[in-house]
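J.: Please see the structure below; I have some questions.
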Amino acid sequence: MRQELMSLPKTLADDVARNLVMVARLLDEEPEQAYAYSRIALRLASRVAAVREAAGFASYASERYAEALAEFRATRRMTGTVDLWPVMADCERGLGRPERALEMAGAPEVHKLDKAGQVEMRLVAAGARQDLGQAEAAVVTLQSSELASSAVHPWTARLRYAYADALLAVDRESEAREWFAKALEADQNGTTDASDRLAQLDGVEFVDAFDDTDETDEPEAATGRPSGTKDSDTAVVTDDDEGAAGDEDEDEGEDIADEDDTEETDGKDADLTDEADPASFLDSPFREPAPGDKD
């Protein structure tokens, strides 16, 4: 990257480099922010291959597969390499074209990939088979000398994990458990959730030992407010309660003469609603597997 950026003026090269550094730092945890930085770098130096590649990975991580594919194709034209062939095929899967991904898996470019690239291509092809409902074919696709080898490489854990998941999809649970265990054994950097999948197969449930919720607090469903909320706290009234609140005001006006004989209540009939923050994640065997993901 430094060598490619040397073709730019010094000040511009520094600005582009800073944005690329932020893309790298945020790509895994904050893909949307990484994408924003990649667009700045792309605007500053769109003719630099490293910038196009970084923009492609930022788009891929944020599930903008059409943009990612365009950037990867541009990078390939500029560099003439086939290193990005597997991730380009996975973009085709993301766009709902698994047939195209399988065509790419059988293309001559695959033979030009190194061993890691060929394994990645195999993972993508297996995922495409599953996209097409060909679960048994996905299992066969992943069976290879790399899978049978006892040697551990950076891609070994993910290959074993994908194979275990494929076995589980065809109801071969005992074999799947064995391969999840092998994936965990090879997963030195915690790139998979093989331990969680093993626990699920064994029926183990995890309990938060640090849950300090007071058991004496009333449940939210019974009180209409979060546990621990006092009556003196400000209540949030929903639209459905506006009518009830108006009736309550009228009753207070009618009973003002008996004010000394009644007890005041604060925050009555107040409802609090919680909205869940849904999270989604588009599955891909090419990317790091996550709990509940499809292959």
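Labels for the structure tokens follow display order: chains A, B, ..., residues from 1 in each chain, ligands from 1.
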So that I can check the surroundings of Ala101 in chain A, please list as a list in words every protein, DNA and RNA residue that reaches within 8 Å of it, counting only C-alpha atoms and ignoring chain neighbours fewer than 2 positions away.
T.: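 Close residues of Ala101 in chain A: Ala89, Asp90, Glu92, Arg93, Arg97, Pro98, Glu99, Glu103, Met104, Ala105, Val124, Ala125 and Ala128 of chain A.
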J.: Please provide as a PDB file with N, CA, C and O atoms, in the first residue's frame all residues within 12 Å of Arg77 in chain A, with the sequence filter that same-chain residues fewer than 5 positions apart are discarded (counting only C-alpha atoms).
T.:
ATOM      1  N   ARG A  47      -7.784   5.922  -8.301  1.00  0.00           N
ATOM      2  CA  ARG A  47      -6.941   5.219  -9.255  1.00  0.00           C
ATOM      3  C   ARG A  47      -5.863   4.373  -8.595  1.00  0.00           C
ATOM      4  O   ARG A  47      -5.021   3.803  -9.281  1.00  0.00           O
ATOM      5  N   VAL A  48      -5.903   4.286  -7.278  1.00  0.00           N
ATOM      6  CA  VAL A  48      -4.944   3.456  -6.547  1.00  0.00           C
ATOM      7  C   VAL A  48      -5.619   2.128  -6.226  1.00  0.00           C
ATOM      8  O   VAL A  48      -6.672   2.076  -5.604  1.00  0.00           O
ATOM      9  N   ALA A  49      -5.006   1.036  -6.648  1.00  0.00           N
ATOM     10  CA  ALA A  49      -5.614  -0.286  -6.495  1.00  0.00           C
ATOM     11  C   ALA A  49      -5.882  -0.638  -5.040  1.00  0.00           C
ATOM     12  O   ALA A  49      -6.922  -1.227  -4.707  1.00  0.00           O
ATOM     13  N   ARG A  52      -9.085   0.896  -3.941  1.00  0.00           N
ATOM     14  CA  ARG A  52     -10.255   0.201  -4.480  1.00  0.00           C
ATOM     15  C   ARG A  52     -10.510  -1.108  -3.723  1.00  0.00           C
ATOM     16  O   ARG A  52     -11.653  -1.483  -3.450  1.00  0.00           O
ATOM     17  N   GLU A  53      -9.421  -1.805  -3.401  1.00  0.00           N
ATOM     18  CA  GLU A  53      -9.570  -3.064  -2.660  1.00  0.00           C
ATOM     19  C   GLU A  53     -10.128  -2.811  -1.261  1.00  0.00           C
ATOM     20  O   GLU A  53     -11.025  -3.531  -0.792  1.00  0.00           O
ATOM     21  N   ALA A  70     -18.136  -4.519  -7.637  1.00  0.00           N
ATOM     22  CA  ALA A  70     -17.609  -3.535  -8.590  1.00  0.00           C
ATOM     23  C   ALA A  70     -16.187  -3.116  -8.218  1.00  0.00           C
ATOM     24  O   ALA A  70     -15.306  -3.001  -9.091  1.00  0.00           O
ATOM     25  N   GLU A  71     -15.938  -2.910  -6.940  1.00  0.00           N
ATOM     26  CA  GLU A  71     -14.604  -2.490  -6.500  1.00  0.00           C
ATOM     27  C   GLU A  71     -13.590  -3.619  -6.673  1.00  0.00           C
ATOM     28  O   GLU A  71     -12.442  -3.382  -7.069  1.00  0.00           O
ATOM     29  N   PHE A  72     -13.986  -4.844  -6.383  1.00  0.00           N
ATOM     30  CA  PHE A  72     -13.072  -5.978  -6.544  1.00  0.00           C
ATOM     31  C   PHE A  72     -12.732  -6.207  -8.015  1.00  0.00           C
ATOM     32  O   PHE A  72     -11.593  -6.542  -8.355  1.00  0.00           O
ATOM     33  N   VAL A  82      -5.624 -12.699  -9.243  1.00  0.00           N
ATOM     34  CA  VAL A  82      -6.894 -13.405  -9.025  1.00  0.00           C
ATOM     35  C   VAL A  82      -7.145 -13.648  -7.531  1.00  0.00           C
ATOM     36  O   VAL A  82      -8.025 -14.428  -7.166  1.00  0.00           O
ATOM     37  N   ASP A  83      -6.398 -12.970  -6.692  1.00  0.00           N
ATOM     38  CA  ASP A  83      -6.510 -13.203  -5.251  1.00  0.00           C
ATOM     39  C   ASP A  83      -7.921 -12.963  -4.719  1.00  0.00           C
ATOM     40  O   ASP A  83      -8.332 -13.583  -3.732  1.00  0.00           O
ATOM     41  N   LEU A  84      -8.655 -12.059  -5.344  1.00  0.00           N
ATOM     42  CA  LEU A  84      -9.985 -11.693  -4.854  1.00  0.00           C
ATOM     43  C   LEU A  84     -11.099 -12.553  -5.456  1.00  0.00           C
ATOM     44  O   LEU A  84     -12.277 -12.289  -5.217  1.00  0.00           O
TER      45      LEU A  84
END
J.: Using only C-alpha atoms, determine which residues lie at most 9 Å from Leu42 in chain A, disregarding the query and same-chain residues fewer than 4 positions distant; provide the list as a PyMOL selection string.
T.: chain A and resi 16+37-38+46-48+51-52+54-55
J.: Please give the complete set of residues from range 39-211 of chain A that DSSP, run on the backbone, assigns to alpha helix (DSSP H), formatted as a PyMOL selection string.
T.: chain A and resi 39-44+49-61+65-79+85-94+98-105+115-131+135-142+145-148+156-169+173-186+194-201
J.: What does the distance from CA of Val204 in chain A to CA of Arg177 in chain A come to in Å, to one decimal?
T.: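 About the pair CA of Val204 in chain A and CA of Arg177 in chain A: they are 13.6 Å apart.
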J.: Fewer than 5 positions away in the same chain doesn't count, so skip those; otherwise give me all residues within 9 Å of Ser195 in chain A, counting only C-alpha atoms, as a ChimeraX atom specification.
T.: /A:180-181,183-184,200
J.: Using only C-alpha atoms for the distances, tell me which of A:Ala74, A:Arg43, A:Ala61, A:Trp179 is nearest to Glu29 in chain A.
T.: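 For Glu29 in chain A, the nearest of the candidates is A:Ala61.
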J.: One number please: CA of Lys182 in chain A to CA of Asp196 in chain A, in Å, one decimal.
T.: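 So the answer is 13.5 Å.
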J.: Please provide as a tab-separated table (two decimals) with all heavy atoms, in the first residue's frame all residues within 10 Å of Ala17 in chain A, with the sequence filter that same-chain residues fewer than 5 positions apart are discarded (counting only C-alpha atoms).
T.:
chain	number	residue	atom	x	y	z
A	1	MET	N	0.83	-1.21	0.00
A	1	MET	CA	0.00	0.00	0.00
A	1	MET	C	0.86	1.26	0.00
A	1	MET	O	0.59	2.20	-0.74
A	1	MET	CB	-0.91	0.03	1.24
A	1	MET	CG	-2.22	-0.69	1.08
A	1	MET	SD	-3.32	-0.35	2.45
A	1	MET	CE	-4.63	-1.51	2.07
A	2	ARG	N	1.90	1.25	0.85
A	2	ARG	CA	2.78	2.42	0.89
A	2	ARG	C	3.39	2.69	-0.49
A	2	ARG	O	3.49	3.84	-0.92
A	2	ARG	CB	3.89	2.20	1.92
A	2	ARG	CG	3.43	2.28	3.37
A	2	ARG	CD	4.62	2.08	4.32
A	2	ARG	NE	4.22	2.12	5.71
A	2	ARG	CZ	4.06	3.25	6.42
A	2	ARG	NH1	4.27	4.41	5.85
A	2	ARG	NH2	3.72	3.19	7.68
A	5	LEU	N	0.84	4.24	-2.73
A	5	LEU	CA	0.51	5.61	-2.35
A	5	LEU	C	1.63	6.59	-2.71
A	5	LEU	O	1.41	7.81	-2.73
A	5	LEU	CB	0.22	5.70	-0.86
A	5	LEU	CG	-1.06	5.00	-0.39
A	5	LEU	CD1	-1.20	5.10	1.12
A	5	LEU	CD2	-2.29	5.59	-1.08
A	11	THR	N	1.13	15.16	0.71
A	11	THR	CA	0.00	15.50	1.58
A	11	THR	C	-1.21	14.64	1.29
A	11	THR	O	-1.88	14.14	2.21
A	11	THR	CB	-0.37	16.99	1.40
A	11	THR	OG1	0.77	17.80	1.67
A	11	THR	CG2	-1.50	17.37	2.36
A	12	LEU	N	-1.50	14.43	0.01
A	12	LEU	CA	-2.64	13.60	-0.38
A	12	LEU	C	-2.43	12.15	0.05
A	12	LEU	O	-3.35	11.50	0.54
A	12	LEU	CB	-2.85	13.68	-1.89
A	12	LEU	CG	-4.00	12.84	-2.46
A	12	LEU	CD1	-5.32	13.25	-1.83
A	12	LEU	CD2	-4.06	12.98	-3.97
A	22	MET	N	-8.05	3.78	9.28
A	22	MET	CA	-9.33	3.73	9.98
A	22	MET	C	-10.23	2.63	9.42
A	22	MET	O	-10.97	1.99	10.17
A	22	MET	CB	-10.04	5.09	9.89
A	22	MET	CG	-9.33	6.21	10.63
A	22	MET	SD	-8.96	5.81	12.35
A	22	MET	CE	-10.62	5.60	13.01
A	23	VAL	N	-10.15	2.40	8.13
A	23	VAL	CA	-10.92	1.29	7.54
A	23	VAL	C	-10.49	-0.03	8.18
A	23	VAL	O	-11.31	-0.85	8.58
A	23	VAL	CB	-10.73	1.24	6.02
A	23	VAL	CG1	-11.36	-0.03	5.44
A	23	VAL	CG2	-11.35	2.46	5.36
A	41	ALA	N	-11.48	7.84	1.19
A	41	ALA	CA	-10.25	7.43	0.52
A	41	ALA	C	-10.49	7.23	-0.96
A	41	ALA	O	-9.65	7.61	-1.81
A	41	ALA	CB	-9.71	6.15	1.15
A	51	VAL	N	-6.65	1.29	-2.65
A	51	VAL	CA	-7.83	2.03	-2.20
A	51	VAL	C	-9.10	1.34	-2.69
A	51	VAL	O	-10.08	1.19	-1.95
A	51	VAL	CB	-7.78	3.49	-2.69
A	51	VAL	CG1	-9.09	4.22	-2.38
A	51	VAL	CG2	-6.60	4.21	-2.04
J.: Please identify all polymer residues within 9 Å of range 166-171 of chain A, counting only C-alpha atoms, omitting same-chain residues fewer than 5 positions from it, and present them as a ChimeraX atom specification.
T.: /A:126,130,135-136,138-139,142,161,176-177,179,295
J.: Given the selection you just returned, output its residues as a file containing N, CA and C atoms, formatted as a PDB file, in the first residue's frame.
T.:
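Below is the file part.pdb, written as the result:
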ATOM      1  N   ALA A 126     -19.461 -24.467  -1.277  1.00  0.00           N
ATOM      2  CA  ALA A 126     -20.329 -25.228  -0.383  1.00  0.00           C
ATOM      3  C   ALA A 126     -21.507 -24.379   0.079  1.00  0.00           C
ATOM      4  N   GLN A 130     -25.652 -24.959  -0.526  1.00  0.00           N
ATOM      5  CA  GLN A 130     -26.698 -24.871   0.492  1.00  0.00           C
ATOM      6  C   GLN A 130     -27.742 -23.823   0.129  1.00  0.00           C
ATOM      7  N   ALA A 135     -27.999 -29.730   0.249  1.00  0.00           N
ATOM      8  CA  ALA A 135     -27.248 -29.932   1.485  1.00  0.00           C
ATOM      9  C   ALA A 135     -26.234 -31.069   1.377  1.00  0.00           C
ATOM     10  N   GLU A 136     -26.621 -32.178   0.772  1.00  0.00           N
ATOM     11  CA  GLU A 136     -25.698 -33.304   0.629  1.00  0.00           C
ATOM     12  C   GLU A 136     -24.518 -32.934  -0.264  1.00  0.00           C
ATOM     13  N   ALA A 138     -23.258 -30.014  -0.543  1.00  0.00           N
ATOM     14  CA  ALA A 138     -22.391 -29.127   0.235  1.00  0.00           C
ATOM     15  C   ALA A 138     -21.412 -29.933   1.072  1.00  0.00           C
ATOM     16  N   VAL A 139     -21.890 -31.038   1.638  1.00  0.00           N
ATOM     17  CA  VAL A 139     -21.016 -31.902   2.428  1.00  0.00           C
ATOM     18  C   VAL A 139     -19.902 -32.466   1.555  1.00  0.00           C
ATOM     19  N   LEU A 142     -17.062 -30.011   0.583  1.00  0.00           N
ATOM     20  CA  LEU A 142     -16.080 -29.683   1.612  1.00  0.00           C
ATOM     21  C   LEU A 142     -15.122 -30.825   1.913  1.00  0.00           C
ATOM     22  N   TYR A 161     -15.232 -26.165  10.730  1.00  0.00           N
ATOM     23  CA  TYR A 161     -16.503 -25.634  11.233  1.00  0.00           C
ATOM     24  C   TYR A 161     -17.578 -25.715  10.144  1.00  0.00           C
ATOM     25  N   ALA A 176     -21.263 -34.298  13.209  1.00  0.00           N
ATOM     26  CA  ALA A 176     -21.150 -32.849  13.315  1.00  0.00           C
ATOM     27  C   ALA A 176     -20.492 -32.451  14.625  1.00  0.00           C
ATOM     28  N   ARG A 177     -20.882 -33.126  15.709  1.00  0.00           N
ATOM     29  CA  ARG A 177     -20.288 -32.812  17.005  1.00  0.00           C
ATOM     30  C   ARG A 177     -18.774 -33.085  16.984  1.00  0.00           C
ATOM     31  N   TRP A 179     -16.759 -32.913  14.436  1.00  0.00           N
ATOM     32  CA  TRP A 179     -16.044 -31.911  13.654  1.00  0.00           C
ATOM     33  C   TRP A 179     -16.090 -30.529  14.291  1.00  0.00           C
ATOM     34  N   ASP A 295     -25.096 -21.386   6.319  1.00  0.00           N
ATOM     35  CA  ASP A 295     -23.835 -21.515   5.578  1.00  0.00           C
ATOM     36  C   ASP A 295     -23.987 -20.916   4.209  1.00  0.00           C
TER      37      ASP A 295
END
J.: Record the distance separating CA of Gly106 in chain A and CA of Arg73 in chain A, expressed in Å with one decimal.
T.: 18.0 Å
J.: May I ask which of the residues A:Asp131, A:Lys10, A:Asp187, A:Arg122 is the closest one to Pro154 in chain A, counting only C-alpha atoms?
T.: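 Under the stated criterion, the closest residue is A:Asp187.
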